[in-house]
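J.: Below is the file work-v9.cif, with mmCIF, C-alpha atoms.
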data_protein
loop_
_atom_site.label_atom_id
_atom_site.label_comp_id
_atom_site.auth_asym_id
_atom_site.auth_seq_id
_atom_site.Cartn_x
_atom_site.Cartn_y
_atom_site.Cartn_z
CA PHE R 1 31.04 -5.21 10.80
CA TRP R 2 30.51 -5.90 7.07
CA SER R 3 33.54 -4.27 5.40
CA THR R 4 36.50 -6.63 4.93
CA ALA R 5 38.72 -3.69 3.91
CA ILE R 6 38.22 -1.94 7.24
CA GLN R 7 38.68 -5.25 9.08
CA ASN R 8 42.03 -5.68 7.35
CA MET R 9 43.04 -2.15 8.38
CA TYR R 10 42.13 -3.02 11.96
CA LYS R 11 44.28 -6.17 11.92
CA ARG R 12 47.24 -4.34 10.39
CA ARG R 13 47.08 -1.77 13.17
CA HIS R 14 46.38 -4.03 16.16
CA GLY R 15 48.05 -7.21 14.98
CA PRO R 16 47.02 -10.11 12.73
CA ASP R 17 45.64 -12.07 15.68
CA ALA R 18 43.52 -9.18 16.99
CA GLU R 19 39.87 -10.14 17.28
CA ILE R 20 37.18 -7.67 16.24
CA THR R 21 34.69 -7.31 19.11
CA VAL R 22 31.89 -5.70 17.09
CA GLN R 23 28.98 -8.13 17.03
CA SER R 24 25.46 -8.26 15.63
CA ASN R 25 23.91 -7.04 18.90
CA ASP R 26 25.99 -3.83 18.60
CA VAL R 27 24.51 -3.21 15.15
CA ALA R 28 21.01 -3.97 16.47
CA PHE R 29 21.55 -1.52 19.34
CA ALA R 30 22.49 1.26 16.91
CA LEU R 31 19.47 0.58 14.68
CA HIS R 32 17.19 0.43 17.73
CA ALA R 33 18.45 3.79 19.01
CA LEU R 34 18.10 5.39 15.55
CA ILE R 35 14.50 4.22 15.11
CA LEU R 36 13.31 5.24 18.59
CA SER R 37 15.11 8.59 18.46
CA SER R 38 13.49 9.31 15.10
CA ILE R 39 10.06 8.45 16.52
CA THR R 40 10.67 10.76 19.49
CA VAL R 41 11.65 13.66 17.21
CA LEU R 42 8.56 13.10 15.05
CA GLN R 43 6.38 13.11 18.18
CA ILE R 44 7.91 16.44 19.26
CA ILE R 45 7.20 17.91 15.84
CA TYR R 46 3.67 16.47 15.59
CA TYR R 47 2.44 17.21 19.13
CA GLY R 48 4.54 20.32 19.71
CA GLY R 49 3.35 22.44 16.80
CA GLY R 50 5.56 21.57 13.86
CA VAL R 51 9.23 22.16 13.15
CA ARG R 52 9.18 25.35 15.23
CA ALA R 53 8.81 23.17 18.32
CA LEU R 54 12.48 22.19 17.92
CA LYS R 55 13.85 25.27 19.65
CA LEU R 56 17.63 25.14 19.58
CA SER R 57 19.98 27.62 21.19
CA LYS R 58 22.85 29.17 19.25
CA SER R 59 25.41 27.04 21.06
CA VAL R 60 23.55 23.84 20.16
CA VAL R 61 23.28 24.91 16.53
CA PHE R 62 27.00 25.71 16.51
CA ILE R 63 27.85 22.26 17.89
CA ILE R 64 25.60 20.49 15.37
CA VAL R 65 27.06 22.43 12.44
CA GLY R 66 30.60 21.73 13.65
CA ILE R 67 29.92 17.99 13.93
CA LEU R 68 28.36 17.86 10.47
CA MET R 69 31.30 19.74 8.98
CA VAL R 70 33.83 17.34 10.52
CA CYS R 71 31.86 14.28 9.40
CA ALA R 72 31.58 15.68 5.87
CA ALA R 73 35.17 16.94 5.58
CA TYR R 74 36.93 13.72 6.63
CA PRO R 75 35.67 11.58 3.68
CA VAL R 76 36.76 14.39 1.37
CA LEU R 77 40.26 14.23 2.85
CA ILE R 78 40.29 10.45 2.39
CA TRP R 79 39.40 10.86 -1.27
CA ALA R 80 41.94 13.69 -1.78
CA THR R 81 44.81 11.63 -0.28
CA ARG R 82 43.80 8.27 -1.75
CA ASN R 83 47.02 8.04 -3.81
CA SER R 84 49.29 9.00 -0.90
CA SER R 85 51.61 6.34 0.50
CA LYS R 86 51.41 7.67 4.07
CA ASP R 87 47.76 6.71 4.52
CA THR R 88 47.17 9.64 6.87
CA PHE R 89 43.41 9.63 6.37
CA ASN R 90 41.58 6.31 6.13
CA TRP R 91 38.15 4.84 6.76
CA LEU R 92 39.16 3.15 10.01
CA ASP R 93 40.13 6.48 11.55
CA PHE R 94 36.91 7.95 10.18
CA LEU R 95 34.95 5.37 12.16
CA TYR R 96 36.97 6.28 15.25
CA VAL R 97 36.08 9.95 14.67
CA LEU R 98 32.40 9.04 14.49
CA SER R 99 32.69 7.00 17.69
CA PHE R 100 34.28 9.91 19.57
CA VAL R 101 31.53 12.18 18.28
CA LYS R 102 29.00 9.76 19.74
CA ILE R 103 30.73 9.82 23.13
CA GLY R 104 30.71 13.63 23.06
CA ILE R 105 26.99 13.70 22.22
CA SER R 106 26.28 11.34 25.12
CA LEU R 107 28.11 13.69 27.48
CA ILE R 108 26.12 16.66 26.20
CA LYS R 109 22.71 14.98 26.37
CA TYR R 110 23.02 14.00 30.05
CA ILE R 111 24.36 17.26 31.47
CA PRO R 112 21.27 19.52 30.97
CA GLN R 113 19.00 17.14 32.92
CA VAL R 114 21.51 16.94 35.78
CA ILE R 115 21.64 20.75 35.96
CA LEU R 116 17.84 21.07 35.75
CA ASN R 117 17.31 18.60 38.59
CA PHE R 118 19.90 20.47 40.67
CA ARG R 119 18.29 23.87 40.08
CA ARG R 120 14.77 22.63 40.81
CA ARG R 121 15.88 20.52 43.79
CA SER R 122 13.36 17.99 42.53
CA THR R 123 12.82 15.22 39.99
CA VAL R 124 9.03 15.63 39.78
CA GLY R 125 7.76 15.15 36.22
CA TRP R 126 10.81 13.12 35.22
CA SER R 127 10.75 9.34 35.02
CA ILE R 128 13.50 7.27 36.63
CA TRP R 129 12.62 4.10 34.71
CA ASN R 130 14.54 5.08 31.59
CA ILE R 131 17.62 5.70 33.75
CA LEU R 132 17.33 2.30 35.43
CA LEU R 133 17.10 0.59 32.05
CA ASP R 134 19.98 2.67 30.67
CA PHE R 135 22.14 1.78 33.68
CA THR R 136 21.41 -1.92 33.18
CA GLY R 137 22.29 -1.69 29.50
CA GLY R 138 25.55 0.15 30.20
CA VAL R 139 26.67 -2.41 32.78
CA LEU R 140 25.83 -5.35 30.51
CA SER R 141 27.50 -3.72 27.50
CA ASP R 142 30.82 -3.16 29.26
CA LEU R 143 30.59 -6.56 30.93
CA GLN R 144 30.12 -8.23 27.56
CA LEU R 145 33.14 -6.42 26.13
CA VAL R 146 35.39 -7.42 29.06
CA LEU R 147 34.19 -11.04 29.01
CA ASP R 148 34.72 -11.30 25.24
CA CYS R 149 38.29 -10.01 25.60
CA ALA R 150 38.95 -12.36 28.52
CA ASP R 151 37.58 -15.32 26.57
CA MET R 152 39.82 -14.51 23.60
CA ASN R 153 42.74 -13.66 25.90
CA ASP R 154 43.14 -10.44 23.92
CA PHE R 155 42.31 -7.13 25.62
CA SER R 156 43.18 -5.10 22.55
CA GLY R 157 39.43 -5.25 21.85
CA ILE R 158 38.92 -2.59 24.52
CA THR R 159 41.54 -0.25 23.10
CA GLY R 160 40.46 -1.09 19.57
CA ASN R 161 36.80 -0.38 20.36
CA PRO R 162 36.95 2.60 22.76
CA ALA R 163 33.49 3.86 21.81
CA LYS R 164 31.63 0.85 23.17
CA PHE R 165 33.48 0.87 26.48
CA GLY R 166 33.32 4.68 26.70
CA LEU R 167 29.58 4.84 26.02
CA GLY R 168 28.85 2.25 28.67
CA PHE R 169 31.12 3.97 31.19
CA VAL R 170 29.60 7.43 30.55
CA SER R 171 26.04 6.13 30.84
CA ILE R 172 26.85 4.31 34.10
CA ILE R 173 28.39 7.44 35.69
CA PHE R 174 25.51 9.74 34.78
CA ASP R 175 22.87 7.15 35.66
CA ILE R 176 24.40 6.87 39.14
CA ILE R 177 24.20 10.67 39.45
CA PHE R 178 20.52 10.58 38.42
CA MET R 179 19.72 7.80 40.89
CA VAL R 180 21.44 9.69 43.72
CA GLN R 181 19.42 12.80 42.83
CA HIS R 182 16.14 10.90 42.67
CA TYR R 183 16.44 8.51 45.61
CA CYS R 184 18.77 10.39 47.98
CA LEU R 185 19.03 14.14 47.43
CA TYR R 186 15.49 14.99 46.29
CA SER R 187 13.50 12.01 47.55
CA GLY R 188 11.46 14.04 50.06
CA SER R 189 8.90 15.18 47.51
CA SER R 190 5.63 13.27 47.99
CA GLU R 191 4.62 14.09 44.43
CA SER R 192 7.70 12.29 43.14
CA MET R 193 6.87 9.18 45.20
CA ASN R 194 3.24 9.23 44.03
CA GLU R 195 4.42 9.47 40.45
CA GLN R 196 6.47 6.30 40.80
CA GLN R 197 3.58 4.41 42.40
CA GLU R 198 1.15 5.19 39.59
CA PRO R 199 0.99 2.56 36.84
CA LEU R 200 2.41 3.46 33.44
CA ILE R 201 -0.77 2.17 31.78
CA PRO R 202 -4.10 2.72 33.60
CA SER R 203 -6.34 -0.28 34.22
CA LEU R 204 -9.54 -0.84 32.26
CA GLU R 205 -11.66 -0.05 35.32
CA ASP R 206 -9.93 3.31 35.84
CA SER R 207 -10.37 4.19 32.18
CA TYR R 208 -14.07 3.21 32.30
CA GLU R 209 -14.74 5.28 35.42
CA ARG R 210 -12.84 8.25 33.99
CA ASN R 211 -14.82 8.14 30.75
CA ASN R 212 -18.16 7.91 32.61
CA HIS R 213 -17.17 10.79 34.85
CA ASP R 214 -16.31 12.95 31.83
CA MET R 215 -19.73 12.21 30.25
CA ILE R 216 -21.70 13.43 33.32
CA PRO R 217 -22.59 17.18 33.09
CA SER R 218 -21.09 19.42 35.72
CA GLY R 219 -24.41 20.17 37.44
CA ALA R 220 -25.83 16.67 37.24
CA SER R 221 -24.42 15.48 40.54
CA HIS R 222 -25.98 18.42 42.42
CA GLU R 223 -29.36 17.85 40.79
CA GLN R 224 -29.29 14.20 41.81
CA GLU R 225 -28.56 15.17 45.40
CA GLU R 226 -31.50 17.60 45.42
CA ARG R 227 -33.84 14.89 44.11
CA GLN R 228 -33.08 12.50 46.95
CA PRO R 229 -36.35 11.59 48.79
CA GLU R 230 -36.69 13.24 52.15
CA THR R 231 -37.13 11.11 55.22
CA ILE R 232 -40.61 11.54 56.72
CA MET R 233 -40.69 11.55 60.50
CA VAL R 234 -43.85 9.98 61.93
#
Please go through the file and, once you have read it, give me the structure as structure tokens.
T.:
Amino acid sequence: FWSTAIQNMYKRRHGPDAEITVQSNDVAFALHALILSSITVLQIIYYGGGVRALKLSKSVVFIIVGILMVCAAYPVLIWATRNSSKDTFNWLDFLYVLSFVKIGISLIKYIPQVILNFRRRSTVGWSIWNILLDFTGGVLSDLQLVLDCADMNDFSGITGNPAKFGLGFVSIIFDIIFMVQHYCLYSGSSESMNEQQEPLIPSLEDSYERNNHDMIPSGASHEQEERQPETIMV
């Protein structure tokens, strides 16, 4: 987005008239995801009992270490072959590697929830609203990419930016699976329906009544009932 050197590499590979489809909203999306994901991790650590709350299996640790090794080794290869005329390793391909890593992470993060919903035969305790928003974002993201390419009459933007199209496509597919699970396969649970009908933020009246109820001692209600005046029959 900012590097003219990488933009020149892109044009040499896809043609001098190839338009770069990366825009400011793509950068804002990445920053938005980074900030909110960091906040979520900090909440897990703070409310879950510290760093030990991040319980990772051996397979997850292996995947994370492998990704970090690839991301660290590629720049070293670029530096080691900087004087080579073949240009086998370059920063443009490094960005493609990072984009494919992102697509792989997206595949991994969706699958456990699909399996958990399938094993439980229920979606109770899991909110559908994030999925609906994610589905909307995926549709709009791919639609923007296609419309940009159609407007420029150059569809090399899709092949030149596979990560954006791939991320939107992956999110759409898994979001459809989640919606089928929630609304079709496991929609018979009354608890799940009640969960969706409850407001995300309670009203002021509900909060006031709940606070007053918590302040009343457990035996106070029974004592008040016993002190009710008896009706005198004449």
J.: Written as a list in words, which residues does the PyMOL selection byres ((chain R and resi 134) around 12) give for the file shown?
T.: Ala33, Tyr110, Ile128, Trp129, Asn130, Ile131, Leu132, Leu133, Phe135, Thr136, Gly137, Gly138, Val139, Leu140, Ser141, Leu167, Gly168, Phe169, Val170, Ser171, Ile172, Ile173, Phe174, Asp175, Ile176, Phe178 and Met179 of chain R
J.: Stretch 4-11 of chain R: which residues within 12 Å, counting only C-alpha atoms, same-chain residues fewer than 6 positions away excluded, as a list in words?
T.: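 Listing them by chain and then by number gives Asp17, Ala18, Glu19, Ile20, Thr21, Val22, Asp87, Phe89, Asn90, Trp91, Leu92, Asp93, Phe94, Leu95, Tyr96, Ser156, Gly157, Thr159, Gly160 and Asn161 of chain R.
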J.: Of the candidates R:Pro112, R:Val101, R:Thr40, R:Ala80, which one gets nearest to R:Ile63 if we count all atoms listed in the file?
T.: R:Val101
J.: Report, in Å with one decimal, the straight-line distance from atom CA of R:Lys102 to atom CA of R:Val114.
T.: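 Computing the Euclidean distance for atom CA of R:Lys102 and atom CA of R:Val114 yields 19.1 Å.
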J.: Could you tell me, as a PyMOL selection string, exactly which residues end up selected when the PyMOL selection byres ((chain R and resi 121-126) around 7) is applied to this structure?
T.: chain R and resi 117-120+127-128+182+186+191-192
J.: For atom CA of R:Leu68 and atom CA of R:Ile103, determine how far apart the two atoms are, in Å to one decimal place.
T.: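 Result for atom CA of R:Leu68 versus atom CA of R:Ile103: 15.2 Å, one decimal.
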J.: Can you tell me how far atom CA of R:Ile158 sits from atom CA of R:Leu145, in Å to one decimal?
T.: 7.1 Å
J.: Which is closest to R:Pro75 among R:Ala163, R:Ile35, R:Val97, R:Leu116, if we use all atoms listed in the file?
T.: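 Selected residue with least distance to R:Pro75: R:Val97.
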J.: Go through R:Thr88, R:Gln181, R:Ser3, R:Ser38 one by one, measure the shortest atom-to-atom distance of each to R:Gln113 using all atoms listed in the file, and give the residue with the smallest value.
T.: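 Looking at the shortest contact to R:Gln113, the residue is R:Gln181.
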